[in-house]
$ cat my_file_19.pdb   # PDB, C-alpha atoms
ATOM      1  CA  ASP X  32      36.545   8.267   4.888
ATOM      2  CA  THR X  33      35.062   8.031   1.428
ATOM      3  CA  ASP X  34      35.373   4.231   1.284
ATOM      4  CA  SER X  35      33.304   3.858   4.465
ATOM      5  CA  LYS X  36      30.672   6.236   3.144
ATOM      6  CA  LEU X  37      30.385   4.332  -0.146
ATOM      7  CA  GLN X  38      30.281   0.986   1.679
ATOM      8  CA  TRP X  39      27.357   2.036   3.900
ATOM      9  CA  LEU X  40      25.458   3.676   1.058
ATOM     10  CA  THR X  41      25.934   0.548  -1.076
ATOM     11  CA  MET X  42      24.585  -1.591   1.779
ATOM     12  CA  GLY X  43      21.355   0.431   1.798
ATOM     13  CA  ALA X  44      21.852   3.347   4.181
ATOM     14  CA  ASP X  45      19.445   6.147   3.364
ATOM     15  CA  ALA X  46      21.994   8.809   4.233
ATOM     16  CA  TYR X  47      25.514   9.149   5.553
ATOM     17  CA  LEU X  48      26.726  12.243   7.324
ATOM     18  CA  GLN X  49      30.353  12.742   8.205
ATOM     19  CA  LYS X  50      31.236  14.389  11.496
ATOM     20  CA  PRO X  51      31.284  17.196  12.084
ATOM     21  CA  PHE X  52      28.121  17.692  10.045
ATOM     22  CA  LEU X  53      26.295  20.885   9.275
ATOM     23  CA  LYS X  54      22.907  21.328  10.909
ATOM     24  CA  LEU X  55      21.490  22.589   7.608
ATOM     25  CA  GLU X  56      22.724  19.467   5.783
ATOM     26  CA  LEU X  57      21.043  17.249   8.393
ATOM     27  CA  LEU X  58      17.757  19.136   8.042
ATOM     28  CA  VAL X  59      17.864  18.957   4.231
ATOM     29  CA  ARG X  60      18.564  15.209   4.298
ATOM     30  CA  ILE X  61      15.726  14.622   6.760
ATOM     31  CA  ARG X  62      13.330  16.652   4.603
ATOM     32  CA  LYS X  63      14.361  14.740   1.471
ATOM     33  CA  LEU X  64      13.973  11.374   3.227
ATOM     34  CA  LEU X  65      10.484  12.369   4.396
ATOM     35  CA  GLU X  66       9.563  13.487   0.873
ATOM     36  CA  LEU X  67      10.801  10.162  -0.517
ATOM     37  CA  ARG X  68       8.811   8.262   2.148
ATOM     38  CA  ALA X  69       5.659  10.180   1.139
ATOM     39  CA  LYS X  70       6.297   9.324  -2.549
ATOM     40  CA  LEU X  71       6.775   5.677  -1.633
ATOM     41  CA  GLN X  72       3.535   5.628   0.388
ATOM     42  CA  SER X  73       1.694   7.070  -2.597
ATOM     43  CA  TYR X  74       3.316   4.517  -4.862
ATOM     44  CA  TYR X  75       2.459   1.580  -2.571
ATOM     45  CA  LEU X  76      -1.146   2.726  -2.406
ATOM     46  CA  SER X  77      -1.238   3.093  -6.189
ATOM     47  CA  LEU X  78      -0.563  -0.648  -6.415
ATOM     48  CA  THR X  79      -4.002  -1.211  -4.902
ATOM     49  CA  GLU X  80      -5.948   1.398  -6.861
ATOM     50  CA  PHE X  81      -7.923   1.027 -10.020
ATOM     51  CA  PRO X  82      -6.724   1.793 -12.557
ATOM     52  CA  PRO X  83      -3.245   0.796 -11.361
ATOM     53  CA  LEU X  84      -0.630   3.494 -11.708
ATOM     54  CA  LYS X  85       2.822   2.902 -13.114
ATOM     55  CA  PRO X  86       5.738   3.650 -10.781
ATOM     56  CA  ALA X  87       7.321   7.034 -11.291
ATOM     57  CA  GLU X  88      10.836   6.823 -12.690
ATOM     58  CA  ILE X  89      12.122   9.082  -9.953
ATOM     59  CA  ILE X  90      10.922   6.674  -7.267
ATOM     60  CA  ALA X  91      12.540   3.642  -8.888
ATOM     61  CA  SER X  92      15.840   5.422  -9.368
ATOM     62  CA  GLU X  93      15.943   6.746  -5.792
ATOM     63  CA  MET X  94      15.097   3.458  -4.065
ATOM     64  CA  SER X  95      17.754   2.165  -1.717
ATOM     65  CA  ALA X  96      18.294  -1.529  -1.057
ATOM     66  CA  ILE X  97      16.104  -1.280   2.048
ATOM     67  CA  GLU X  98      13.318   0.434   0.100
ATOM     68  CA  LYS X  99      13.459  -2.319  -2.515
ATOM     69  CA  ILE X 100      12.945  -4.854   0.296
ATOM     70  CA  GLU X 101      10.029  -2.786   1.603
ATOM     71  CA  HIS X 102       8.590  -2.654  -1.910
ATOM     72  CA  ALA X 103       8.808  -6.442  -2.190
ATOM     73  CA  PHE X 104       7.092  -6.730   1.206
ATOM     74  CA  VAL X 105       4.174  -4.504   0.140
ATOM     75  CA  GLN X 106       3.891  -6.449  -3.127
ATOM     76  CA  ASN X 107       3.777  -9.704  -1.163
ATOM     77  CA  VAL X 108       1.031  -8.400   1.153
ATOM     78  CA  ARG X 109      -0.936  -7.126  -1.838
ATOM     79  CA  ASP X 110      -0.575 -10.449  -3.655
ATOM     80  CA  LYS X 111      -1.765 -12.422  -0.601
ATOM     81  CA  ILE X 112      -4.844 -10.212  -0.323
ATOM     82  CA  TYR X 113      -5.613 -10.574  -4.054
ATOM     83  CA  ASP X 114      -5.096 -14.353  -3.888
ATOM     84  CA  ASN X 115      -7.817 -14.535  -1.216
ATOM     85  CA  LEU X 116      -9.981 -11.679  -2.434
ATOM     86  CA  SER X 117     -13.275 -13.545  -2.687
ATOM     87  CA  ASP X 118     -12.863 -15.288   0.685
ATOM     88  CA  PRO X 119     -14.788 -13.282   3.315
ATOM     89  CA  SER X 120     -13.146 -15.324   6.075
ATOM     90  CA  TYR X 121      -9.690 -14.143   4.960
ATOM     91  CA  ASP X 122      -8.955 -11.636   7.695
ATOM     92  CA  ILE X 123      -6.013  -9.928   9.339
ATOM     93  CA  ASP X 124      -5.044 -13.058  11.271
ATOM     94  CA  SER X 125      -4.999 -15.102   8.058
ATOM     95  CA  LEU X 126      -2.824 -12.489   6.373
ATOM     96  CA  CYS X 127      -0.464 -12.427   9.373
ATOM     97  CA  LYS X 128      -0.086 -16.190   9.154
ATOM     98  CA  ASP X 129       0.599 -16.048   5.398
ATOM     99  CA  ILE X 130       3.127 -13.227   5.741
ATOM    100  CA  GLY X 131       4.777 -14.574   8.887
ATOM    101  CA  TYR X 132       4.333 -11.435  10.992
ATOM    102  CA  SER X 133       2.531 -10.855  14.245
ATOM    103  CA  ARG X 134      -0.578  -8.706  14.062
ATOM    104  CA  THR X 135       1.227  -5.804  15.765
ATOM    105  CA  GLN X 136       4.324  -6.031  13.562
ATOM    106  CA  LEU X 137       2.249  -6.163  10.390
ATOM    107  CA  HIS X 138       0.123  -3.207  11.501
ATOM    108  CA  ARG X 139       3.180  -1.070  12.292
ATOM    109  CA  LYS X 140       4.986  -1.933   9.087
ATOM    110  CA  LEU X 141       1.981  -1.369   6.811
ATOM    111  CA  LYS X 142       1.062   1.855   8.596
ATOM    112  CA  ALA X 143       4.609   3.147   8.097
ATOM    113  CA  LEU X 144       4.817   2.069   4.452
ATOM    114  CA  THR X 145       1.303   2.775   3.171
ATOM    115  CA  GLY X 146      -0.297   5.031   5.773
ATOM    116  CA  TYR X 147      -3.089   2.455   6.205
ATOM    117  CA  SER X 148      -3.708  -0.059   8.964
ATOM    118  CA  THR X 149      -3.868  -3.706   7.929
ATOM    119  CA  GLY X 150      -7.662  -3.865   7.999
ATOM    120  CA  LYS X 151      -8.044  -0.568   6.165
ATOM    121  CA  LEU X 152      -5.576  -1.684   3.487
ATOM    122  CA  MET X 153      -7.450  -4.965   2.976
ATOM    123  CA  GLN X 154     -10.731  -3.089   2.673
ATOM    124  CA  PHE X 155      -9.167  -0.488   0.344
ATOM    125  CA  ILE X 156      -7.925  -3.234  -1.986
ATOM    126  CA  ARG X 157     -11.303  -4.988  -1.951
ATOM    127  CA  LEU X 158     -13.190  -1.778  -2.674
ATOM    128  CA  ASN X 159     -10.872  -0.839  -5.542
ATOM    129  CA  GLU X 160     -11.314  -4.295  -7.023
ATOM    130  CA  ALA X 161     -15.084  -3.797  -6.689
ATOM    131  CA  LYS X 162     -14.770  -0.576  -8.717
ATOM    132  CA  GLN X 163     -13.121  -2.549 -11.484
ATOM    133  CA  PHE X 164     -15.808  -5.265 -11.345
ATOM    134  CA  LEU X 165     -18.556  -2.642 -11.481
ATOM    135  CA  MET X 166     -17.112  -1.205 -14.693
ATOM    136  CA  GLU X 167     -16.246  -4.500 -16.373
ATOM    137  CA  HIS X 168     -19.306  -6.556 -15.403
ATOM    138  CA  PRO X 169     -22.535  -4.573 -15.652
ATOM    139  CA  GLU X 170     -24.459  -7.853 -15.720
ATOM    140  CA  PHE X 171     -23.466  -8.656 -12.102
ATOM    141  CA  THR X 172     -25.623  -7.418  -9.250
ATOM    142  CA  ILE X 173     -24.094  -5.209  -6.580
ATOM    143  CA  ALA X 174     -24.561  -8.048  -4.075
ATOM    144  CA  ALA X 175     -22.717 -10.502  -6.350
ATOM    145  CA  ILE X 176     -19.807  -8.094  -6.692
ATOM    146  CA  ALA X 177     -19.765  -7.579  -2.914
ATOM    147  CA  TYR X 178     -19.434 -11.338  -2.422
ATOM    148  CA  ASP X 179     -16.813 -11.598  -5.185
ATOM    149  CA  VAL X 180     -14.531  -9.110  -3.413
ATOM    150  CA  GLY X 181     -14.870 -10.701   0.011
ATOM    151  CA  PHE X 182     -17.724  -8.841   1.677
ATOM    152  CA  SER X 183     -20.242 -11.121   3.389
ATOM    153  CA  ASP X 184     -22.832  -8.343   3.803
ATOM    154  CA  PRO X 185     -23.881  -6.344   0.697
ATOM    155  CA  ASP X 186     -25.285  -3.519   2.853
ATOM    156  CA  TYR X 187     -21.950  -3.127   4.642
ATOM    157  CA  PHE X 188     -20.231  -3.212   1.265
ATOM    158  CA  THR X 189     -22.447  -0.364   0.010
ATOM    159  CA  ARG X 190     -21.799   1.720   3.148
ATOM    160  CA  SER X 191     -18.039   1.103   2.929
ATOM    161  CA  PHE X 192     -17.990   1.920  -0.792
ATOM    162  CA  LYS X 193     -19.853   5.174  -0.229
ATOM    163  CA  LYS X 194     -17.586   6.119   2.672
ATOM    164  CA  GLU X 195     -14.450   5.476   0.603
ATOM    165  CA  PHE X 196     -15.519   6.988  -2.730
ATOM    166  CA  GLY X 197     -18.371   9.343  -1.842
ATOM    167  CA  ILE X 198     -20.959   7.582  -4.007
ATOM    168  CA  THR X 199     -22.806   4.280  -3.821
ATOM    169  CA  PRO X 200     -21.832   1.360  -6.073
ATOM    170  CA  SER X 201     -25.011   1.897  -8.115
ATOM    171  CA  GLU X 202     -24.201   5.570  -8.637
ATOM    172  CA  PHE X 203     -20.645   4.648  -9.605
ATOM    173  CA  ARG X 204     -21.889   2.111 -12.138
ATOM    174  CA  ASN X 205     -24.288   4.630 -13.662
ATOM    175  CA  SER X 206     -21.705   7.420 -13.907
TER     176      SER X 206
END
$ encode --input "my_file_19.pdb" --output "structure tokens"
Amino acid sequence: DTDSKLQWLTMGADAYLQKPFLKLELLVRIRKLLELRAKLQSYYLSLTEFPPLKPAEIIASEMSAIEKIEHAFVQNVRDKIYDNLSDPSYDIDSLCKDIGYSRTQLHRKLKALTGYSTGKLMQFIRLNEAKQFLMEHPEFTIAAIAYDVGFSDPDYFTRSFKKEFGITPSEFRNS
């Protein structure tokens, strides 16, 4: 009945189909849920990019209770990484301990929410922070910036930066 439908939707269900349901309605709801998931992945990744992007109004208005919990989770992971940004020993295991998830659980959840593995997300955040440092602090050497964002090897930092953005840190600074 309508009361049951409203109760489940209020509790955070992404969709509610009454039986018998139309195949077309099921397919449309699935497509819309996948589109929303893709928007949320883009939004979660935008939290780690420089310059940071503001959330789209449509995403905020369409978020269910579960998606708001997922959003808080991604924010928490992001904050933990930023809190330990300059620590090269802060690795996946350290993040797992801080978040309270096993390595496998954290990997699966982040992959589903952001499209990135845990290690790739940590590196992505560090490299985007390096972009910001490169623009704001021209007096710092590339090696100093590499150390500031948690890389212990400046050569690896340069290779990772080039792989992610297509140009070296020096070329980025000069552009």
$ resolve_selection --input "my_file_19.pdb" --expression "the PyMOL selection byres ((chain X and resi 160-162) around 8)" --output "mmCIF file with C-alpha atoms, keeping the file's coordinate frame"
data_model
loop_
_atom_site.group_PDB
_atom_site.id
_atom_site.type_symbol
_atom_site.label_atom_id
_atom_site.label_comp_id
_atom_site.auth_asym_id
_atom_site.auth_seq_id
_atom_site.Cartn_x
_atom_site.Cartn_y
_atom_site.Cartn_z
ATOM 1 C CA GLU X 80 -5.948 1.398 -6.861
ATOM 2 C CA PHE X 81 -7.923 1.027 -10.020
ATOM 3 C CA ILE X 156 -7.925 -3.234 -1.986
ATOM 4 C CA ARG X 157 -11.303 -4.988 -1.951
ATOM 5 C CA LEU X 158 -13.190 -1.778 -2.674
ATOM 6 C CA ASN X 159 -10.872 -0.839 -5.542
ATOM 7 C CA GLN X 163 -13.121 -2.549 -11.484
ATOM 8 C CA PHE X 164 -15.808 -5.265 -11.345
ATOM 9 C CA LEU X 165 -18.556 -2.642 -11.481
ATOM 10 C CA MET X 166 -17.112 -1.205 -14.693
ATOM 11 C CA ILE X 176 -19.807 -8.094 -6.692
ATOM 12 C CA ALA X 177 -19.765 -7.579 -2.914
ATOM 13 C CA VAL X 180 -14.531 -9.110 -3.413
ATOM 14 C CA PRO X 200 -21.832 1.360 -6.073
ATOM 15 C CA PHE X 203 -20.645 4.648 -9.605
#
$ closest_residue --input "my_file_19.pdb" --among "X:Ser35, X:Gln49, X:Gln106, X:Gln154" --to "Lys194 (chain X)" --atoms "all atoms listed in the file"
X:Gln154
$ atom_distance --input "my_file_19.pdb" --atom1 "CA of Asp124 (chain X)" --atom2 "CA of Ala175 (chain X)"
25.1 Å
$ closest_residue --input "my_file_19.pdb" --among "X:Gln136, X:Glu66, X:Leu58, X:Met153" --to "Asp110 (chain X)" --atoms "all atoms listed in the file"
X:Met153
$ residues_around --input "my_file_19.pdb" --residues "region 197-199 of chain X" --least-positions-apart "5" --cutoff "12 Å" --atoms "all atoms listed in the file" --output "MDAnalysis selection string"
chainID X and resid 158 161:162 165 173 185:192 204:206
$ atom_distance --input "my_file_19.pdb" --atom1 "CA of Gly181 (chain X)" --atom2 "CA of Leu116 (chain X)"
5.6 Å
$ atom_distance --input "my_file_19.pdb" --atom1 "CA of Asp34 (chain X)" --atom2 "CA of Glu101 (chain X)"
26.3 Å
$ resolve_selection --input "my_file_19.pdb" --expression "the PyMOL selection byres ((chain X and resi 152) around 10)" --output "PyMOL selection string"
chain X and resi 76+79+108-109+112+138+141-142+145-151+153-158
$ axis_aligned_box --input "my_file_19.pdb" --around "region 118-130 of chain X" --padding-each-side "3 Å" --output "lines of an AutoDock Vina configuration file"
center_x = -5.8
center_y = -13.1
center_z = 6.0
size_x = 23.9
size_y = 12.3
size_z = 16.6
$ closest_residue --input "my_file_19.pdb" --among "X:Glu56, X:Glu195, X:Asp179, X:Glu202" --to "Pro119 (chain X)" --atoms "all atoms listed in the file"
X:Asp179
$ closest_residue --input "my_file_19.pdb" --among "X:Lys50, X:Leu144, X:Glu170, X:Ile130" --to "Lys70 (chain X)" --atoms "all atoms listed in the file"
X:Leu144
$ residues_around --input "my_file_19.pdb" --residues "Asn107 (chain X)" --least-positions-apart "6" --cutoff "12 Å" --atoms "all atoms listed in the file" --output "ChimeraX atom specification"
/X:75,78,100-101,113-114,126-127,129-131,141
